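One file, query.cif, carrying mmCIF, C-alpha atoms:
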```
data_structure
#
loop_
_atom_site.group_PDB
_atom_site.id
_atom_site.type_symbol
_atom_site.label_atom_id
_atom_site.label_comp_id
_atom_site.auth_asym_id
_atom_site.auth_seq_id
_atom_site.Cartn_x
_atom_site.Cartn_y
_atom_site.Cartn_z
ATOM 1 C CA MET A 1032 42.147 44.385 10.561
ATOM 2 C CA SER A 1033 40.197 43.815 13.725
ATOM 3 C CA GLU A 1034 41.035 40.859 15.892
ATOM 4 C CA ARG A 1035 38.745 37.859 15.851
ATOM 5 C CA ARG A 1036 36.472 37.753 18.848
ATOM 6 C CA ARG A 1037 36.701 34.845 21.185
ATOM 7 C CA PRO A 1038 33.625 32.611 21.207
ATOM 8 C CA THR A 1039 31.195 33.440 23.944
ATOM 9 C CA ALA A 1040 29.332 31.004 26.155
ATOM 10 C CA ARG A 1041 26.237 31.497 23.989
ATOM 11 C CA THR A 1042 28.238 30.490 20.909
ATOM 12 C CA TYR A 1043 29.382 27.281 22.590
ATOM 13 C CA LEU A 1044 25.796 26.607 23.626
ATOM 14 C CA VAL A 1045 24.529 27.010 20.055
ATOM 15 C CA LEU A 1046 27.287 24.766 18.681
ATOM 16 C CA GLY A 1047 26.965 22.271 21.508
ATOM 17 C CA TRP A 1048 23.355 21.306 20.710
ATOM 18 C CA PRO A 1049 24.076 19.905 17.197
ATOM 19 C CA VAL A 1050 27.186 18.165 18.526
ATOM 20 C CA LEU A 1051 25.116 16.603 21.312
ATOM 21 C CA MET A 1052 22.464 15.422 18.858
ATOM 22 C CA LEU A 1053 25.186 13.990 16.619
ATOM 23 C CA GLY A 1054 26.665 12.081 19.514
ATOM 24 C CA VAL A 1055 23.319 10.766 20.769
ATOM 25 C CA PHE A 1056 21.706 9.788 17.467
ATOM 26 C CA PHE A 1057 24.772 8.885 15.367
ATOM 27 C CA LEU A 1058 27.896 8.110 17.355
ATOM 28 C CA GLY A 1059 25.974 6.319 20.095
ATOM 29 C CA PRO A 1060 24.181 3.847 17.792
ATOM 30 C CA LEU A 1061 27.351 3.440 15.725
ATOM 31 C CA MET A 1062 29.403 2.455 18.765
ATOM 32 C CA THR A 1063 26.615 0.102 19.864
ATOM 33 C CA MET A 1064 26.655 -1.550 16.448
ATOM 34 C CA VAL A 1065 30.446 -1.896 16.541
ATOM 35 C CA ALA A 1066 30.287 -3.516 19.978
ATOM 36 C CA SER A 1067 27.431 -5.818 18.943
ATOM 37 C CA SER A 1068 29.415 -7.121 15.972
ATOM 38 C CA PHE A 1069 31.851 -8.794 18.407
ATOM 39 C CA TYR A 1070 29.176 -10.373 20.621
ATOM 40 C CA ARG A 1071 28.599 -14.118 20.844
ATOM 41 C CA ARG A 1072 25.353 -15.476 19.458
ATOM 42 C CA ILE A 1073 23.546 -18.098 21.486
ATOM 43 C CA PRO A 1074 21.897 -20.743 19.244
ATOM 44 C CA GLY A 1075 18.149 -20.655 19.713
ATOM 45 C CA GLY A 1076 18.415 -17.541 21.842
ATOM 46 C CA PHE A 1077 19.853 -14.078 21.531
ATOM 47 C CA TYR A 1078 23.452 -12.955 22.126
ATOM 48 C CA VAL A 1079 25.756 -12.154 25.037
ATOM 49 C CA PRO A 1080 28.559 -9.575 25.346
ATOM 50 C CA ALA A 1081 31.930 -10.997 24.277
ATOM 51 C CA PHE A 1082 34.837 -10.278 21.965
ATOM 52 C CA GLU A 1083 34.746 -12.801 19.145
ATOM 53 C CA LEU A 1084 35.534 -12.592 15.436
ATOM 54 C CA ASP A 1085 33.152 -15.319 14.249
ATOM 55 C CA SER A 1086 30.769 -12.809 12.662
ATOM 56 C CA TYR A 1087 33.611 -11.168 10.748
ATOM 57 C CA ARG A 1088 34.932 -14.537 9.557
ATOM 58 C CA ARG A 1089 31.569 -15.206 7.943
ATOM 59 C CA LEU A 1090 32.074 -12.089 5.815
ATOM 60 C CA PHE A 1091 34.638 -13.969 3.729
ATOM 61 C CA THR A 1092 32.295 -16.729 2.636
ATOM 62 C CA ASP A 1093 31.420 -17.037 -1.047
ATOM 63 C CA LEU A 1094 27.743 -16.257 -0.440
ATOM 64 C CA PHE A 1095 28.436 -12.987 1.353
ATOM 65 C CA LEU A 1096 31.101 -11.836 -1.097
ATOM 66 C CA ASP A 1097 28.744 -12.566 -3.982
ATOM 67 C CA ARG A 1098 25.980 -10.477 -2.343
ATOM 68 C CA ALA A 1099 28.423 -7.660 -1.634
ATOM 69 C CA ALA A 1100 29.647 -7.608 -5.242
ATOM 70 C CA PHE A 1101 26.066 -7.624 -6.552
ATOM 71 C CA SER A 1102 25.063 -4.784 -4.213
ATOM 72 C CA LEU A 1103 27.964 -2.617 -5.323
ATOM 73 C CA MET A 1104 27.347 -3.416 -8.988
ATOM 74 C CA ILE A 1105 23.641 -2.583 -9.042
ATOM 75 C CA CYS A 1106 24.084 0.577 -6.935
ATOM 76 C CA LEU A 1107 26.909 1.816 -9.162
ATOM 77 C CA LEU A 1108 24.764 1.038 -12.209
ATOM 78 C CA ALA A 1109 21.790 2.894 -10.711
ATOM 79 C CA ALA A 1110 24.034 5.886 -9.984
ATOM 80 C CA ALA A 1111 25.311 5.854 -13.575
ATOM 81 C CA VAL A 1112 21.760 5.639 -14.992
ATOM 82 C CA CYS A 1113 20.566 8.512 -12.788
ATOM 83 C CA LEU A 1114 23.520 10.708 -13.742
ATOM 84 C CA LEU A 1115 23.186 9.980 -17.476
ATOM 85 C CA ILE A 1116 19.519 10.988 -17.399
ATOM 86 C CA ALA A 1117 19.589 13.727 -14.763
ATOM 87 C CA PHE A 1118 22.560 15.676 -16.143
ATOM 88 C CA PRO A 1119 21.105 16.603 -19.572
ATOM 89 C CA PHE A 1120 17.617 16.864 -18.065
ATOM 90 C CA THR A 1121 18.756 19.366 -15.424
ATOM 91 C CA TYR A 1122 20.869 21.278 -17.927
ATOM 92 C CA PHE A 1123 17.965 21.844 -20.312
ATOM 93 C CA LEU A 1124 15.690 22.477 -17.314
ATOM 94 C CA THR A 1125 17.858 25.418 -16.237
ATOM 95 C CA ARG A 1126 17.767 26.802 -19.797
ATOM 96 C CA MET A 1127 13.948 26.882 -19.934
ATOM 97 C CA ARG A 1128 11.735 29.837 -19.166
ATOM 98 C CA ARG A 1129 10.889 30.410 -15.524
ATOM 99 C CA ARG A 1130 7.292 29.180 -15.522
ATOM 100 C CA PRO A 1131 7.777 25.735 -17.196
ATOM 101 C CA GLN A 1132 11.048 25.339 -15.269
ATOM 102 C CA VAL A 1133 9.259 25.716 -11.940
ATOM 103 C CA ILE A 1134 6.462 23.344 -13.018
ATOM 104 C CA LEU A 1135 8.888 20.607 -14.053
ATOM 105 C CA LEU A 1136 10.988 21.096 -10.938
ATOM 106 C CA VAL A 1137 7.911 20.755 -8.727
ATOM 107 C CA LEU A 1138 6.891 17.574 -10.570
ATOM 108 C CA VAL A 1139 10.344 16.066 -10.047
ATOM 109 C CA LEU A 1140 10.476 17.033 -6.379
ATOM 110 C CA SER A 1141 6.957 15.731 -5.786
ATOM 111 C CA ALA A 1142 8.386 12.233 -6.153
ATOM 112 C CA LEU A 1143 10.169 12.820 -2.832
ATOM 113 C CA SER A 1144 6.790 12.838 -1.079
ATOM 114 C CA LEU A 1145 6.238 9.204 -2.021
ATOM 115 C CA SER A 1146 7.433 6.597 0.427
ATOM 116 C CA GLU A 1147 9.640 3.744 -0.721
ATOM 117 C CA VAL A 1148 6.758 1.326 -0.081
ATOM 118 C CA ILE A 1149 4.469 3.190 -2.505
ATOM 119 C CA VAL A 1150 7.228 3.409 -5.121
ATOM 120 C CA GLY A 1151 8.034 -0.285 -4.815
ATOM 121 C CA PHE A 1152 4.457 -1.499 -5.167
ATOM 122 C CA SER A 1153 3.731 1.010 -7.949
ATOM 123 C CA TRP A 1154 6.618 -0.339 -10.014
ATOM 124 C CA SER A 1155 5.436 -3.833 -9.137
ATOM 125 C CA VAL A 1156 2.090 -3.059 -10.767
ATOM 126 C CA LEU A 1157 3.621 -1.267 -13.775
ATOM 127 C CA LEU A 1158 6.030 -4.100 -14.500
ATOM 128 C CA GLY A 1159 3.562 -6.860 -13.681
ATOM 129 C CA ARG A 1160 1.663 -9.020 -16.128
ATOM 130 C CA ALA A 1161 -1.908 -8.389 -14.990
ATOM 131 C CA ALA A 1162 -2.064 -4.587 -15.347
ATOM 132 C CA GLY A 1163 1.419 -3.578 -16.390
ATOM 133 C CA LEU A 1164 3.035 -1.796 -19.284
ATOM 134 C CA SER A 1165 3.262 -4.991 -21.317
ATOM 135 C CA ASN A 1166 -0.544 -4.981 -21.646
ATOM 136 C CA ILE A 1167 -0.341 -1.581 -23.355
ATOM 137 C CA LEU A 1168 2.271 -2.968 -25.755
ATOM 138 C CA VAL A 1169 -0.002 -5.931 -26.487
ATOM 139 C CA TRP A 1170 -2.918 -3.560 -27.131
ATOM 140 C CA ALA A 1171 -0.685 -1.488 -29.454
ATOM 141 C CA GLY A 1172 0.332 -4.610 -31.361
ATOM 142 C CA VAL A 1173 4.002 -4.443 -30.380
ATOM 143 C CA MET A 1174 3.875 -7.659 -28.328
ATOM 144 C CA ARG A 1175 1.803 -10.798 -28.695
ATOM 145 C CA ASP A 1176 1.451 -11.810 -25.049
ATOM 146 C CA ALA A 1177 1.769 -9.814 -21.855
ATOM 147 C CA GLN A 1178 4.876 -10.484 -19.782
ATOM 148 C CA ALA A 1179 5.929 -9.796 -16.212
ATOM 149 C CA TYR A 1180 9.212 -7.958 -15.704
ATOM 150 C CA GLN A 1181 9.180 -8.235 -11.950
ATOM 151 C CA PRO A 1182 10.547 -9.633 -9.769
ATOM 152 C CA GLY A 1183 13.855 -9.286 -11.575
ATOM 153 C CA PHE A 1184 17.083 -7.371 -12.032
ATOM 154 C CA VAL A 1185 15.604 -4.738 -14.351
ATOM 155 C CA ALA A 1186 12.777 -4.018 -11.920
ATOM 156 C CA VAL A 1187 15.205 -3.446 -9.044
ATOM 157 C CA LEU A 1188 17.353 -1.185 -11.228
ATOM 158 C CA PHE A 1189 14.317 0.873 -12.311
ATOM 159 C CA GLY A 1190 13.116 1.193 -8.730
ATOM 160 C CA LEU A 1191 16.496 2.293 -7.354
ATOM 161 C CA SER A 1192 16.977 4.777 -10.193
ATOM 162 C CA TYR A 1193 13.498 6.219 -9.678
ATOM 163 C CA ILE A 1194 13.867 6.933 -5.955
ATOM 164 C CA ALA A 1195 17.356 8.423 -6.428
ATOM 165 C CA PHE A 1196 16.645 10.542 -9.513
ATOM 166 C CA PRO A 1197 15.204 13.591 -7.641
ATOM 167 C CA TYR A 1198 18.250 13.721 -5.356
ATOM 168 C CA CYS A 1199 20.525 13.695 -8.382
ATOM 169 C CA VAL A 1200 18.588 16.592 -9.925
ATOM 170 C CA LEU A 1201 18.718 18.539 -6.643
ATOM 171 C CA THR A 1202 22.492 18.143 -6.512
ATOM 172 C CA LEU A 1203 23.027 19.281 -10.101
ATOM 173 C CA TYR A 1204 20.458 22.069 -10.271
ATOM 174 C CA PRO A 1205 22.180 24.813 -8.194
ATOM 175 C CA GLN A 1206 25.481 24.654 -10.081
ATOM 176 C CA LEU A 1207 23.902 24.296 -13.516
ATOM 177 C CA SER A 1208 21.555 27.213 -12.864
ATOM 178 C CA ARG A 1209 24.581 29.377 -11.967
ATOM 179 C CA LEU A 1210 26.515 28.349 -15.087
ATOM 180 C CA ASP A 1211 27.254 31.499 -17.074
ATOM 181 C CA ARG A 1212 25.402 31.421 -20.392
ATOM 182 C CA GLU A 1213 28.180 33.474 -21.961
ATOM 183 C CA VAL A 1214 30.503 30.465 -21.678
ATOM 184 C CA THR A 1215 28.297 28.250 -23.843
ATOM 185 C CA GLU A 1216 27.447 31.152 -26.173
ATOM 186 C CA ALA A 1217 31.155 31.817 -26.700
ATOM 187 C CA ALA A 1218 31.741 28.176 -27.652
ATOM 188 C CA GLN A 1219 28.879 28.256 -30.149
ATOM 189 C CA THR A 1220 30.141 31.575 -31.541
ATOM 190 C CA LEU A 1221 33.461 29.859 -32.262
ATOM 191 C CA GLY A 1222 31.664 27.227 -34.311
ATOM 192 C CA ALA A 1223 30.827 24.490 -31.806
ATOM 193 C CA SER A 1224 27.453 22.812 -32.163
ATOM 194 C CA PRO A 1225 25.114 22.618 -29.128
ATOM 195 C CA GLY A 1226 25.986 18.945 -28.658
ATOM 196 C CA ARG A 1227 29.710 19.576 -28.839
ATOM 197 C CA THR A 1228 29.371 22.549 -26.492
ATOM 198 C CA PHE A 1229 27.614 20.321 -23.989
ATOM 199 C CA ARG A 1230 30.309 17.617 -24.237
ATOM 200 C CA THR A 1231 33.428 19.798 -24.294
ATOM 201 C CA VAL A 1232 32.382 22.784 -22.169
ATOM 202 C CA VAL A 1233 29.488 22.004 -19.829
ATOM 203 C CA ILE A 1234 30.543 18.495 -18.758
ATOM 204 C CA PRO A 1235 34.177 19.418 -17.880
ATOM 205 C CA ILE A 1236 33.027 22.449 -15.884
ATOM 206 C CA MET A 1237 30.391 20.439 -14.014
ATOM 207 C CA ARG A 1238 32.529 17.348 -13.431
ATOM 208 C CA PRO A 1239 33.010 17.873 -9.648
ATOM 209 C CA THR A 1240 29.268 18.423 -9.175
ATOM 210 C CA ALA A 1241 28.496 15.388 -11.343
ATOM 211 C CA MET A 1242 30.813 13.238 -9.232
ATOM 212 C CA ALA A 1243 29.111 14.509 -6.082
ATOM 213 C CA ALA A 1244 25.711 13.566 -7.519
ATOM 214 C CA PHE A 1245 27.037 10.149 -8.525
ATOM 215 C CA LEU A 1246 28.367 9.469 -5.011
ATOM 216 C CA LEU A 1247 25.155 10.690 -3.411
ATOM 217 C CA VAL A 1248 23.029 8.327 -5.485
ATOM 218 C CA PHE A 1249 25.432 5.441 -4.892
ATOM 219 C CA VAL A 1250 25.418 5.841 -1.098
ATOM 220 C CA PHE A 1251 21.651 6.425 -1.037
ATOM 221 C CA THR A 1252 20.788 3.335 -3.071
ATOM 222 C CA LEU A 1253 23.303 1.214 -1.163
ATOM 223 C CA GLY A 1254 21.125 1.595 1.916
ATOM 224 C CA SER A 1255 17.823 0.917 0.143
ATOM 225 C CA TYR A 1256 15.919 -1.995 1.627
ATOM 226 C CA LEU A 1257 12.321 -2.090 0.396
ATOM 227 C CA ILE A 1258 12.938 -1.680 -3.344
ATOM 228 C CA PRO A 1259 15.147 -4.817 -3.685
ATOM 229 C CA ALA A 1260 12.879 -6.736 -1.304
ATOM 230 C CA ILE A 1261 9.696 -5.904 -3.258
ATOM 231 C CA LEU A 1262 10.941 -5.895 -6.849
ATOM 232 C CA GLY A 1263 13.678 -8.532 -6.727
ATOM 233 C CA ARG A 1264 14.098 -12.225 -6.206
ATOM 234 C CA PRO A 1265 16.440 -13.499 -3.459
ATOM 235 C CA GLU A 1266 19.344 -13.465 -5.921
ATOM 236 C CA HIS A 1267 18.647 -9.766 -6.520
ATOM 237 C CA TRP A 1268 18.595 -8.775 -2.860
ATOM 238 C CA THR A 1269 21.191 -6.286 -1.696
ATOM 239 C CA LEU A 1270 23.151 -6.353 1.550
ATOM 240 C CA SER A 1271 20.567 -4.139 3.231
ATOM 241 C CA VAL A 1272 17.956 -6.876 2.811
ATOM 242 C CA PHE A 1273 20.319 -9.524 4.173
ATOM 243 C CA ILE A 1274 21.219 -7.337 7.155
ATOM 244 C CA SER A 1275 17.549 -6.894 8.031
ATOM 245 C CA ASP A 1276 16.906 -10.597 7.471
ATOM 246 C CA GLN A 1277 19.713 -11.623 9.824
ATOM 247 C CA ALA A 1278 18.665 -9.173 12.541
ATOM 248 C CA SER A 1279 14.877 -9.665 12.376
ATOM 249 C CA PHE A 1280 14.198 -13.241 11.250
ATOM 250 C CA ASN A 1281 17.352 -15.126 12.249
ATOM 251 C CA ALA A 1282 17.946 -13.123 15.466
ATOM 252 C CA ASN A 1283 21.632 -12.975 14.568
ATOM 253 C CA VAL A 1284 22.361 -9.396 15.593
ATOM 254 C CA PRO A 1285 26.184 -9.853 15.791
ATOM 255 C CA PHE A 1286 26.394 -11.015 12.170
ATOM 256 C CA ALA A 1287 23.971 -8.292 11.043
ATOM 257 C CA ALA A 1288 26.105 -5.674 12.828
ATOM 258 C CA ALA A 1289 29.260 -7.068 11.213
ATOM 259 C CA MET A 1290 27.659 -6.870 7.757
ATOM 260 C CA ALA A 1291 26.552 -3.305 8.468
ATOM 261 C CA MET A 1292 30.090 -2.345 9.493
ATOM 262 C CA PHE A 1293 31.484 -3.993 6.366
ATOM 263 C CA LEU A 1294 28.995 -2.104 4.191
ATOM 264 C CA THR A 1295 29.813 1.202 5.906
ATOM 265 C CA VAL A 1296 33.586 0.791 5.600
ATOM 266 C CA LEU A 1297 33.355 -0.427 2.005
ATOM 267 C CA SER A 1298 31.200 2.514 0.928
ATOM 268 C CA LEU A 1299 33.581 4.969 2.632
ATOM 269 C CA ILE A 1300 36.553 3.385 0.853
ATOM 270 C CA LEU A 1301 34.845 3.633 -2.536
ATOM 271 C CA VAL A 1302 33.839 7.248 -1.901
ATOM 272 C CA GLY A 1303 37.410 8.050 -0.851
ATOM 273 C CA LEU A 1304 38.860 6.401 -3.950
ATOM 274 C CA VAL A 1305 36.524 8.320 -6.250
ATOM 275 C CA MET A 1306 37.328 11.619 -4.519
ATOM 276 C CA LEU A 1307 41.073 10.890 -4.673
ATOM 277 C CA THR A 1308 40.875 10.054 -8.367
ATOM 278 C CA GLU A 1309 38.897 13.219 -9.014
ATOM 279 C CA SER A 1310 41.405 15.393 -7.147
ATOM 280 C CA LYS A 1311 44.356 13.877 -9.050
ATOM 281 C CA THR A 1312 42.558 14.374 -12.363
ATOM 282 C CA ARG A 1313 41.854 17.988 -11.471
ATOM 283 C CA ARG A 1314 45.535 18.616 -10.623
ATOM 284 C CA VAL A 1315 46.696 17.134 -13.915
ATOM 285 C CA ALA A 1316 44.179 19.218 -15.830
#
```
With the file now loaded, output its structure as structure tokens.
Amino acid sequence: MSERRRPTARTYLVLGWPVLMLGVFFLGPLMTMVASSFYRRIPGGFYVPAFELDSYRRLFTDLFLDRAAFSLMICLLAAAVCLLIAFPFTYFLTRMRRRPQVILLVLVLSALSLSEVIVGFSWSVLLGRAAGLSNILVWAGVMRDAQAYQPGFVAVLFGLSYIAFPYCVLTLYPQLSRLDREVTEAAQTLGASPGRTFRTVVIPIMRPTAMAAFLLVFVFTLGSYLIPAILGRPEHWTLSVFISDQASFNANVPFAAAMAMFLTVLSLILVGLVMLTESKTRRVA
């Protein structure tokens, strides 16, 4: 076997550019946010450099813990809804003929071209009372009077699931499209129905990819700001809305930075726990 060549100066130059961009646009702002979380806020003014833990002490108040629990709950629920819909949808999408498969895939991916503002206000109209879906149900005789379903919990959940659904499909599509058809055909040859084949063969094989899609949707929706702000009441706002509110309207950058650090660390811990559980389950299996 030939020896591995030592990296040349050109190789270091090519690798150095992404590392530099990572340091400038990620590590730099992250370190600034960490430092700002310890600053002292001046009432009626801005903040001054210091090393205080007042902002972190406020993280243990009942109000903040309640908002954190709600944010995690609704983002986990949105990730579960996306996965439950996207998994069978993507599976049957990959089993379709090429032409309708491409058309449906383009329609799903076209949702990525819509900004979160457009999605939020579109759902606001659809779930509203004046020109929403309830008017169609009234016209069809299903309901007596039109109702407004926004702002509310269901509206926020629909909005978060809608913006995350294409990303879930994109994560599942490559692996499902490479799934050998002979595996499912063998199960059906042995007497398994299509539904049982999907539950006992496809889902266990695709479990790592499904967990990756679940984590992607969870992390993505955890940082969503406009959807909860547009479609939800204050009790339905996530931590992202409160972070922006503290930084922009209350001029409390240290507390906003502390909340952002808490949200970052908490999401990393949850992702690590899910990955650890998945690895242990895989070893046992």
Residues within 10 Å of Pro1119 of chain A, please, as a tab-separated table (two decimals) with C-alpha atoms, keeping the file's coordinate frame. Count only C-alpha atoms; anything in the same chain fewer than 3 positions from it doesn't count.
```tsv
chain	number	residue	atom	x	y	z
A	1114	LEU	CA	23.52	10.71	-13.74
A	1115	LEU	CA	23.19	9.98	-17.48
A	1116	ILE	CA	19.52	10.99	-17.40
A	1122	TYR	CA	20.87	21.28	-17.93
A	1123	PHE	CA	17.96	21.84	-20.31
A	1124	LEU	CA	15.69	22.48	-17.31
A	1125	THR	CA	17.86	25.42	-16.24
A	1200	VAL	CA	18.59	16.59	-9.93
A	1229	PHE	CA	27.61	20.32	-23.99
A	1233	VAL	CA	29.49	22.00	-19.83
A	1234	ILE	CA	30.54	18.50	-18.76
```
Could you list, as a PyMOL selection string, every residue within 10 Å of Phe1082 of chain A, counting all atoms listed in the file and ignoring same-chain residues fewer than 5 positions away? chain A and resi 1066-1071
For this file, the PyMOL selection byres ((chain A and resi 1132-1139) around 12) selects which residues, as a ChimeraX atom specification? /A:1117,1120-1131,1140-1145,1193-1201,1204,1208
Decode the PyMOL selection byres ((chain A and resi 1270) around 8) for the given file into explicit residues and return them as a ChimeraX atom specification. /A:1098-1099,1102,1268-1269,1271-1274,1290,1294
Could you list as an MDAnalysis selection string every residue that has an atom within 10 Å of (30.6, 14.7, -9.6), using the file's coordinates and counting all atoms listed in the file? chainID A and resid 1114 1202:1203 1234 1237:1247 1305:1306 1309
